[in-house]
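J.: Data: work22.pdb, PDB, C-alpha atoms.
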ATOM      1  CA  MET A   1     -43.031  31.161 -19.894  1.00  0.00           C
ATOM      2  CA  LYS A   2     -39.771  29.421 -20.684  1.00  0.00           C
ATOM      3  CA  ASN A   3     -39.652  26.847 -23.444  1.00  0.00           C
ATOM      4  CA  ILE A   4     -38.895  23.260 -22.472  1.00  0.00           C
ATOM      5  CA  TYR A   5     -36.570  21.268 -24.713  1.00  0.00           C
ATOM      6  CA  LEU A   6     -36.657  17.467 -24.503  1.00  0.00           C
ATOM      7  CA  VAL A   7     -33.405  15.813 -25.556  1.00  0.00           C
ATOM      8  CA  GLY A   8     -32.373  12.185 -25.857  1.00  0.00           C
ATOM      9  CA  MET A   9     -31.955   9.353 -28.284  1.00  0.00           C
ATOM     10  CA  PRO A  10     -34.560   8.421 -30.888  1.00  0.00           C
ATOM     11  CA  SER A  11     -37.365   6.347 -29.318  1.00  0.00           C
ATOM     12  CA  SER A  12     -36.630   7.699 -25.838  1.00  0.00           C
ATOM     13  CA  GLY A  13     -40.199   9.016 -25.601  1.00  0.00           C
ATOM     14  CA  LYS A  14     -39.608  12.721 -26.278  1.00  0.00           C
ATOM     15  CA  SER A  15     -42.705  13.160 -28.437  1.00  0.00           C
ATOM     16  CA  THR A  16     -45.018  10.995 -26.354  1.00  0.00           C
ATOM     17  CA  LEU A  17     -43.978  12.569 -23.061  1.00  0.00           C
ATOM     18  CA  GLY A  18     -43.742  16.021 -24.632  1.00  0.00           C
ATOM     19  CA  LYS A  19     -47.365  16.040 -25.773  1.00  0.00           C
ATOM     20  CA  GLU A  20     -48.593  15.074 -22.323  1.00  0.00           C
ATOM     21  CA  LEU A  21     -46.273  17.552 -20.604  1.00  0.00           C
ATOM     22  CA  ALA A  22     -47.445  20.373 -22.890  1.00  0.00           C
ATOM     23  CA  ARG A  23     -51.075  19.502 -22.218  1.00  0.00           C
ATOM     24  CA  ASN A  24     -50.503  19.568 -18.437  1.00  0.00           C
ATOM     25  CA  LEU A  25     -48.709  22.919 -18.607  1.00  0.00           C
ATOM     26  CA  GLY A  26     -51.037  24.544 -21.123  1.00  0.00           C
ATOM     27  CA  TYR A  27     -48.061  24.885 -23.505  1.00  0.00           C
ATOM     28  CA  SER A  28     -47.961  24.157 -27.216  1.00  0.00           C
ATOM     29  CA  PHE A  29     -46.010  21.119 -28.430  1.00  0.00           C
ATOM     30  CA  THR A  30     -43.630  20.863 -31.388  1.00  0.00           C
ATOM     31  CA  ASP A  31     -41.712  17.875 -32.699  1.00  0.00           C
ATOM     32  CA  MET A  32     -38.670  19.273 -34.546  1.00  0.00           C
ATOM     33  CA  ASP A  33     -38.338  16.338 -36.946  1.00  0.00           C
ATOM     34  CA  LYS A  34     -42.018  16.598 -37.935  1.00  0.00           C
ATOM     35  CA  LEU A  35     -41.665  20.369 -38.378  1.00  0.00           C
ATOM     36  CA  ILE A  36     -38.633  19.916 -40.648  1.00  0.00           C
ATOM     37  CA  GLU A  37     -40.444  17.216 -42.651  1.00  0.00           C
ATOM     38  CA  THR A  38     -43.438  19.523 -43.142  1.00  0.00           C
ATOM     39  CA  ARG A  39     -41.299  22.474 -44.213  1.00  0.00           C
ATOM     40  CA  GLU A  40     -39.113  20.424 -46.544  1.00  0.00           C
ATOM     41  CA  GLN A  41     -41.936  18.165 -47.783  1.00  0.00           C
ATOM     42  CA  LYS A  42     -39.595  15.207 -47.362  1.00  0.00           C
ATOM     43  CA  THR A  43     -38.998  12.661 -44.617  1.00  0.00           C
ATOM     44  CA  VAL A  44     -35.875  12.933 -42.500  1.00  0.00           C
ATOM     45  CA  SER A  45     -34.550   9.809 -44.252  1.00  0.00           C
ATOM     46  CA  GLU A  46     -35.170  11.394 -47.673  1.00  0.00           C
ATOM     47  CA  ILE A  47     -33.353  14.570 -46.617  1.00  0.00           C
ATOM     48  CA  PHE A  48     -30.385  12.498 -45.430  1.00  0.00           C
ATOM     49  CA  SER A  49     -30.236  10.407 -48.604  1.00  0.00           C
ATOM     50  CA  ASN A  50     -30.807  13.314 -51.022  1.00  0.00           C
ATOM     51  CA  TYR A  51     -28.748  16.060 -49.375  1.00  0.00           C
ATOM     52  CA  GLY A  52     -26.589  14.417 -46.700  1.00  0.00           C
ATOM     53  CA  GLU A  53     -26.303  14.643 -42.954  1.00  0.00           C
ATOM     54  CA  ALA A  54     -24.553  18.049 -42.939  1.00  0.00           C
ATOM     55  CA  HIS A  55     -27.512  19.631 -44.756  1.00  0.00           C
ATOM     56  CA  PHE A  56     -29.960  18.053 -42.315  1.00  0.00           C
ATOM     57  CA  ARG A  57     -27.960  19.315 -39.322  1.00  0.00           C
ATOM     58  CA  GLU A  58     -28.136  22.841 -40.773  1.00  0.00           C
ATOM     59  CA  LEU A  59     -31.913  22.504 -41.133  1.00  0.00           C
ATOM     60  CA  GLU A  60     -32.059  21.441 -37.478  1.00  0.00           C
ATOM     61  CA  LYS A  61     -30.003  24.446 -36.403  1.00  0.00           C
ATOM     62  CA  LYS A  62     -32.157  26.842 -38.449  1.00  0.00           C
ATOM     63  CA  THR A  63     -35.333  25.307 -37.012  1.00  0.00           C
ATOM     64  CA  LEU A  64     -34.002  25.424 -33.451  1.00  0.00           C
ATOM     65  CA  HIS A  65     -32.922  29.052 -33.759  1.00  0.00           C
ATOM     66  CA  GLY A  66     -36.380  29.883 -35.104  1.00  0.00           C
ATOM     67  CA  PHE A  67     -37.967  29.219 -31.713  1.00  0.00           C
ATOM     68  CA  GLN A  68     -38.334  32.421 -29.746  1.00  0.00           C
ATOM     69  CA  PRO A  69     -37.578  32.198 -26.020  1.00  0.00           C
ATOM     70  CA  ASP A  70     -40.416  32.332 -23.517  1.00  0.00           C
ATOM     71  CA  GLN A  71     -43.112  31.086 -25.903  1.00  0.00           C
ATOM     72  CA  SER A  72     -44.549  28.420 -23.564  1.00  0.00           C
ATOM     73  CA  MET A  73     -43.557  25.565 -25.843  1.00  0.00           C
ATOM     74  CA  VAL A  74     -42.485  21.994 -25.236  1.00  0.00           C
ATOM     75  CA  ILE A  75     -40.102  21.062 -28.036  1.00  0.00           C
ATOM     76  CA  ALA A  76     -39.103  17.472 -28.784  1.00  0.00           C
ATOM     77  CA  THR A  77     -35.700  17.796 -30.421  1.00  0.00           C
ATOM     78  CA  GLY A  78     -34.337  15.251 -32.854  1.00  0.00           C
ATOM     79  CA  GLY A  79     -31.905  12.796 -31.269  1.00  0.00           C
ATOM     80  CA  GLY A  80     -28.830  14.506 -32.697  1.00  0.00           C
ATOM     81  CA  VAL A  81     -29.885  18.138 -32.207  1.00  0.00           C
ATOM     82  CA  PRO A  82     -27.939  18.782 -28.963  1.00  0.00           C
ATOM     83  CA  CYS A  83     -24.792  17.237 -30.418  1.00  0.00           C
ATOM     84  CA  PHE A  84     -24.159  19.547 -33.385  1.00  0.00           C
ATOM     85  CA  ASN A  85     -23.572  23.248 -34.111  1.00  0.00           C
ATOM     86  CA  ASP A  86     -23.455  24.290 -30.446  1.00  0.00           C
ATOM     87  CA  ASN A  87     -27.187  23.608 -30.312  1.00  0.00           C
ATOM     88  CA  MET A  88     -27.068  22.523 -26.670  1.00  0.00           C
ATOM     89  CA  ASP A  89     -25.684  25.949 -25.751  1.00  0.00           C
ATOM     90  CA  PHE A  90     -28.628  27.559 -27.560  1.00  0.00           C
ATOM     91  CA  ILE A  91     -31.096  25.228 -25.837  1.00  0.00           C
ATOM     92  CA  LYS A  92     -29.697  25.988 -22.383  1.00  0.00           C
ATOM     93  CA  ALA A  93     -29.651  29.738 -23.030  1.00  0.00           C
ATOM     94  CA  ASN A  94     -33.248  29.789 -24.259  1.00  0.00           C
ATOM     95  CA  GLY A  95     -35.190  27.413 -22.049  1.00  0.00           C
ATOM     96  CA  VAL A  96     -35.135  24.446 -19.722  1.00  0.00           C
ATOM     97  CA  SER A  97     -33.634  21.233 -21.067  1.00  0.00           C
ATOM     98  CA  ILE A  98     -34.658  17.737 -19.983  1.00  0.00           C
ATOM     99  CA  PHE A  99     -32.649  14.646 -20.931  1.00  0.00           C
ATOM    100  CA  LEU A 100     -34.771  11.501 -21.182  1.00  0.00           C
ATOM    101  CA  ASN A 101     -32.174   8.890 -20.318  1.00  0.00           C
ATOM    102  CA  VAL A 102     -33.581   5.560 -21.403  1.00  0.00           C
ATOM    103  CA  ASP A 103     -31.495   2.435 -20.891  1.00  0.00           C
ATOM    104  CA  VAL A 104     -29.481   1.904 -24.061  1.00  0.00           C
ATOM    105  CA  ASN A 105     -30.468  -1.774 -24.285  1.00  0.00           C
ATOM    106  CA  ASP A 106     -34.159  -0.809 -24.162  1.00  0.00           C
ATOM    107  CA  LEU A 107     -33.548   1.870 -26.801  1.00  0.00           C
ATOM    108  CA  ALA A 108     -31.782  -0.586 -29.051  1.00  0.00           C
ATOM    109  CA  LYS A 109     -34.655  -3.061 -28.815  1.00  0.00           C
ATOM    110  CA  ARG A 110     -37.269  -0.333 -29.446  1.00  0.00           C
ATOM    111  CA  LEU A 111     -35.407   1.033 -32.444  1.00  0.00           C
ATOM    112  CA  TYR A 112     -34.700  -2.355 -33.958  1.00  0.00           C
ATOM    113  CA  LYS A 113     -38.279  -3.552 -33.585  1.00  0.00           C
ATOM    114  CA  ALA A 114     -39.812  -0.295 -34.916  1.00  0.00           C
ATOM    115  CA  GLN A 115     -41.628  -0.710 -38.212  1.00  0.00           C
ATOM    116  CA  GLY A 116     -39.947   0.586 -41.362  1.00  0.00           C
ATOM    117  CA  ASN A 117     -36.483   2.082 -41.744  1.00  0.00           C
ATOM    118  CA  ASN A 118     -37.297   5.723 -41.014  1.00  0.00           C
ATOM    119  CA  ARG A 119     -34.186   6.362 -38.925  1.00  0.00           C
ATOM    120  CA  PRO A 120     -31.503   7.662 -41.280  1.00  0.00           C
ATOM    121  CA  LEU A 121     -28.530   6.573 -39.170  1.00  0.00           C
ATOM    122  CA  LEU A 122     -29.947   3.094 -38.553  1.00  0.00           C
ATOM    123  CA  ASP A 123     -29.370   0.453 -41.218  1.00  0.00           C
ATOM    124  CA  LYS A 124     -31.903  -2.257 -40.449  1.00  0.00           C
ATOM    125  CA  THR A 125     -30.678  -4.366 -43.354  1.00  0.00           C
ATOM    126  CA  GLN A 126     -27.870  -5.411 -41.002  1.00  0.00           C
ATOM    127  CA  SER A 127     -28.218  -8.042 -38.308  1.00  0.00           C
ATOM    128  CA  GLU A 128     -29.958  -7.171 -35.056  1.00  0.00           C
ATOM    129  CA  GLU A 129     -26.652  -7.528 -33.201  1.00  0.00           C
ATOM    130  CA  VAL A 130     -24.851  -5.043 -35.494  1.00  0.00           C
ATOM    131  CA  VAL A 131     -27.733  -2.539 -35.272  1.00  0.00           C
ATOM    132  CA  ILE A 132     -27.812  -2.765 -31.460  1.00  0.00           C
ATOM    133  CA  GLU A 133     -24.047  -2.204 -31.246  1.00  0.00           C
ATOM    134  CA  SER A 134     -24.371   0.804 -33.556  1.00  0.00           C
ATOM    135  CA  ILE A 135     -27.104   2.294 -31.336  1.00  0.00           C
ATOM    136  CA  LYS A 136     -24.980   1.760 -28.230  1.00  0.00           C
ATOM    137  CA  LYS A 137     -22.013   3.468 -29.898  1.00  0.00           C
ATOM    138  CA  THR A 138     -24.127   6.456 -30.956  1.00  0.00           C
ATOM    139  CA  PHE A 139     -25.547   6.726 -27.442  1.00  0.00           C
ATOM    140  CA  GLN A 140     -22.062   6.818 -25.896  1.00  0.00           C
ATOM    141  CA  GLU A 141     -20.954   9.486 -28.385  1.00  0.00           C
ATOM    142  CA  ARG A 142     -23.975  11.693 -27.648  1.00  0.00           C
ATOM    143  CA  LEU A 143     -24.139  11.161 -23.899  1.00  0.00           C
ATOM    144  CA  PRO A 144     -21.756  14.012 -22.927  1.00  0.00           C
ATOM    145  CA  GLU A 145     -23.995  16.539 -24.711  1.00  0.00           C
ATOM    146  CA  TYR A 146     -27.210  15.051 -23.347  1.00  0.00           C
ATOM    147  CA  GLN A 147     -25.791  15.203 -19.824  1.00  0.00           C
ATOM    148  CA  LYS A 148     -25.498  19.003 -20.074  1.00  0.00           C
ATOM    149  CA  ALA A 149     -29.290  19.202 -19.750  1.00  0.00           C
ATOM    150  CA  ASP A 150     -30.722  21.111 -16.803  1.00  0.00           C
ATOM    151  CA  ILE A 151     -32.715  18.063 -15.709  1.00  0.00           C
ATOM    152  CA  GLN A 152     -31.872  14.404 -16.297  1.00  0.00           C
ATOM    153  CA  VAL A 153     -34.559  11.771 -15.845  1.00  0.00           C
ATOM    154  CA  ASP A 154     -34.751   8.066 -16.482  1.00  0.00           C
ATOM    155  CA  GLY A 155     -37.072   6.625 -19.077  1.00  0.00           C
ATOM    156  CA  GLU A 156     -39.645   5.435 -16.564  1.00  0.00           C
ATOM    157  CA  ILE A 157     -40.539   8.901 -15.256  1.00  0.00           C
ATOM    158  CA  THR A 158     -44.094  10.220 -15.234  1.00  0.00           C
ATOM    159  CA  VAL A 159     -45.289  13.649 -16.301  1.00  0.00           C
ATOM    160  CA  SER A 160     -46.231  14.365 -12.663  1.00  0.00           C
ATOM    161  CA  GLN A 161     -42.638  13.751 -11.614  1.00  0.00           C
ATOM    162  CA  ILE A 162     -41.321  16.001 -14.384  1.00  0.00           C
ATOM    163  CA  LEU A 163     -43.722  18.756 -13.337  1.00  0.00           C
ATOM    164  CA  TRP A 164     -42.354  18.503  -9.807  1.00  0.00           C
ATOM    165  CA  LEU A 165     -38.758  18.744 -11.104  1.00  0.00           C
ATOM    166  CA  LEU A 166     -39.657  21.738 -13.282  1.00  0.00           C
ATOM    167  CA  GLU A 167     -40.915  23.781 -10.323  1.00  0.00           C
ATOM    168  CA  GLN A 168     -37.429  25.204  -9.705  1.00  0.00           C
ATOM    169  CA  TYR A 169     -37.248  26.471 -13.305  1.00  0.00           C
ATOM    170  CA  ILE A 170     -40.770  27.613 -14.117  1.00  0.00           C
ATOM    171  CA  PRO A 171     -43.976  28.168 -12.136  1.00  0.00           C
ATOM    172  CA  VAL A 172     -46.159  25.098 -12.699  1.00  0.00           C
TER     173      VAL A 172
END
Here is the file; what I need is its structure written in the form of structure tokens.
T.:
Amino acid sequence: MKNIYLVGMPSSGKSTLGKELARNLGYSFTDMDKLIETREQKTVSEIFSNYGEAHFRELEKKTLHGFQPDQSMVIATGGGVPCFNDNMDFIKANGVSIFLNVDVNDLAKRLYKAQGNNRPLLDKTQSEEVVIESIKKTFQERLPEYQKADIQVDGEITVSQILWLLEQYIPV
């Protein structure tokens, strides 16, 4: 069965929704950031600070291209995955893509309030207002790639609703 790729900003719910979706479909679930961290034995933030963003984006591409099509997987991509190295083209050619479109103000609040500073492109030493504006800017930059997804859903969607939307792409 086709792989399902969840795309969207950090804290949009890709991992949470992805696990439940995979369970309902009888698919396996993979979180790309967690997979990269396991392979590299470093956090995403450590990879960014030690080797730079370009290196991390190459690791994402290599990881993405390592997924074989039709493996019955739900894959939570990192927030930037669709936006670099023609990754969205790969995603669309090798599975069904779903954009979790969470309101940018809600995202900003979630990201700012999250414990720790584990988001490499988010400098929480700055004021809340500056961080929120940075998140909004990143969202606007990424939106054109996210909108290429086969299915676009808002952040309040349920797994049952996603299953219904997926019926035209895969037998559920």
J.: So that I can check the surroundings of A:Lys92, please list as a VMD selection string every protein, DNA and RNA residue that reaches within 10 Å of it, counting only C-alpha atoms and ignoring chain neighbours fewer than 2 positions away.
T.: chain A and resid 4 to 5 82 87 to 90 94 to 98 148 to 150
J.: Since I can't run it myself right now, could you work out what the PyMOL selection byres ((chain A and resi 169) around 10) selects here and report it as a PyMOL selection string?
T.: chain A and resi 1-2+4+95-96+150-151+165-168+170-172
J.: Between A:Ala108, A:Phe67, A:Pro144, A:Phe99, which is the closest to A:Val130 once you count all atoms listed in the file?
T.: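 Looking only at the distances to A:Val130, the closest residue turns out to be A:Ala108.
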J.: Could you give me, as a compact mmCIF listing (two decimals) with C-alpha atoms, in the coordinates of the input, the residues within 7 Å of A:Leu100, counting all atoms listed in the file and dropping anything in the same chain fewer than 3 positions from it?
T.:
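Saved result, selection.txt, follows:
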# COMPACT_ATOMS: atom_id res chain seq x y z
CA VAL A 7 -33.40 15.81 -25.56
CA GLY A 8 -32.37 12.18 -25.86
CA SER A 12 -36.63 7.70 -25.84
CA GLN A 152 -31.87 14.40 -16.30
CA VAL A 153 -34.56 11.77 -15.84
CA ASP A 154 -34.75 8.07 -16.48
CA GLY A 155 -37.07 6.62 -19.08
J.: Let me know the residues the PyMOL selection byres ((chain A and resi 158) around 12) catches in the file above, as a list of chain:residue names.
T.: A:Gly13, A:Thr16, A:Leu17, A:Gly18, A:Glu20, A:Leu21, A:Asn24, A:Leu100, A:Val153, A:Asp154, A:Gly155, A:Glu156, A:Ile157, A:Val159, A:Ser160, A:Gln161, A:Ile162, A:Leu163, A:Trp164, A:Leu165
J.: Tell me which protein, DNA and RNA residues are within 9 Å of stretch 53-65 of chain A, counting only C-alpha atoms, leaving out same-chain ones fewer than 5 positions away, and put them as a PyMOL selection string.
T.: chain A and resi 32-33+35-36+44+47-48+77-78+80-81+84-87+90-91+120
J.: Between atom CA of A:Glu37 and atom CA of A:Ser11, what is the distance in Å, rounded to a tenth?
T.: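 Rounded to one decimal, the two atoms are 17.5 Å apart.
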J.: Starting from the displayed file, determine the output of the PyMOL selection byres ((chain A and resi 134) around 12) and express the residue list as a ChimeraX atom specification.
T.: /A:104-105,107-109,111-112,121-124,126-133,135-141
J.: So what do you get for atom CA of A:Leu25 versus atom CA of A:Arg39, distance-wise?
T.: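 Atom CA of A:Leu25 sits 26.7 Å away from atom CA of A:Arg39.
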J.: Would you mind telling me which residue in A:Gly79, A:Asp103, A:Glu46, A:Arg142 lies nearest to A:Pro10 when using only C-alpha atoms?
T.: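 The shortest atom-to-atom distance to A:Pro10 comes from A:Gly79.
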J.: Smallest atom-to-atom distance to A:Leu143: which of A:Ala22, A:Leu6, A:Val74, A:Cys83, using all atoms listed in the file?
T.: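 Nearest to A:Leu143: A:Cys83.
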J.: Box for stretch 132-136 of chain A: with edges along x, y and z, all listed atoms inside and 3 Å added on each side, what are the centre and edge lengths in Å to one decimal, as AutoDock Vina command-line options?
T.:
--center_x -25.9 --center_y -0.2 --center_z -30.9 --size_x 9.8 --size_y 11.1 --size_z 11.3
J.: What separation in Å, quoted to one decimal, exists between atom CA of A:Tyr27 and atom CA of A:Ile75?
T.: 9.9 Å
J.: Restricting the calculation to all atoms listed in the file, which member of A:Asn3, A:Gln147, A:Ser49, A:Thr43 is positioned closest to A:Phe29?
T.: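 Smallest distance to A:Phe29 is found for A:Asn3.
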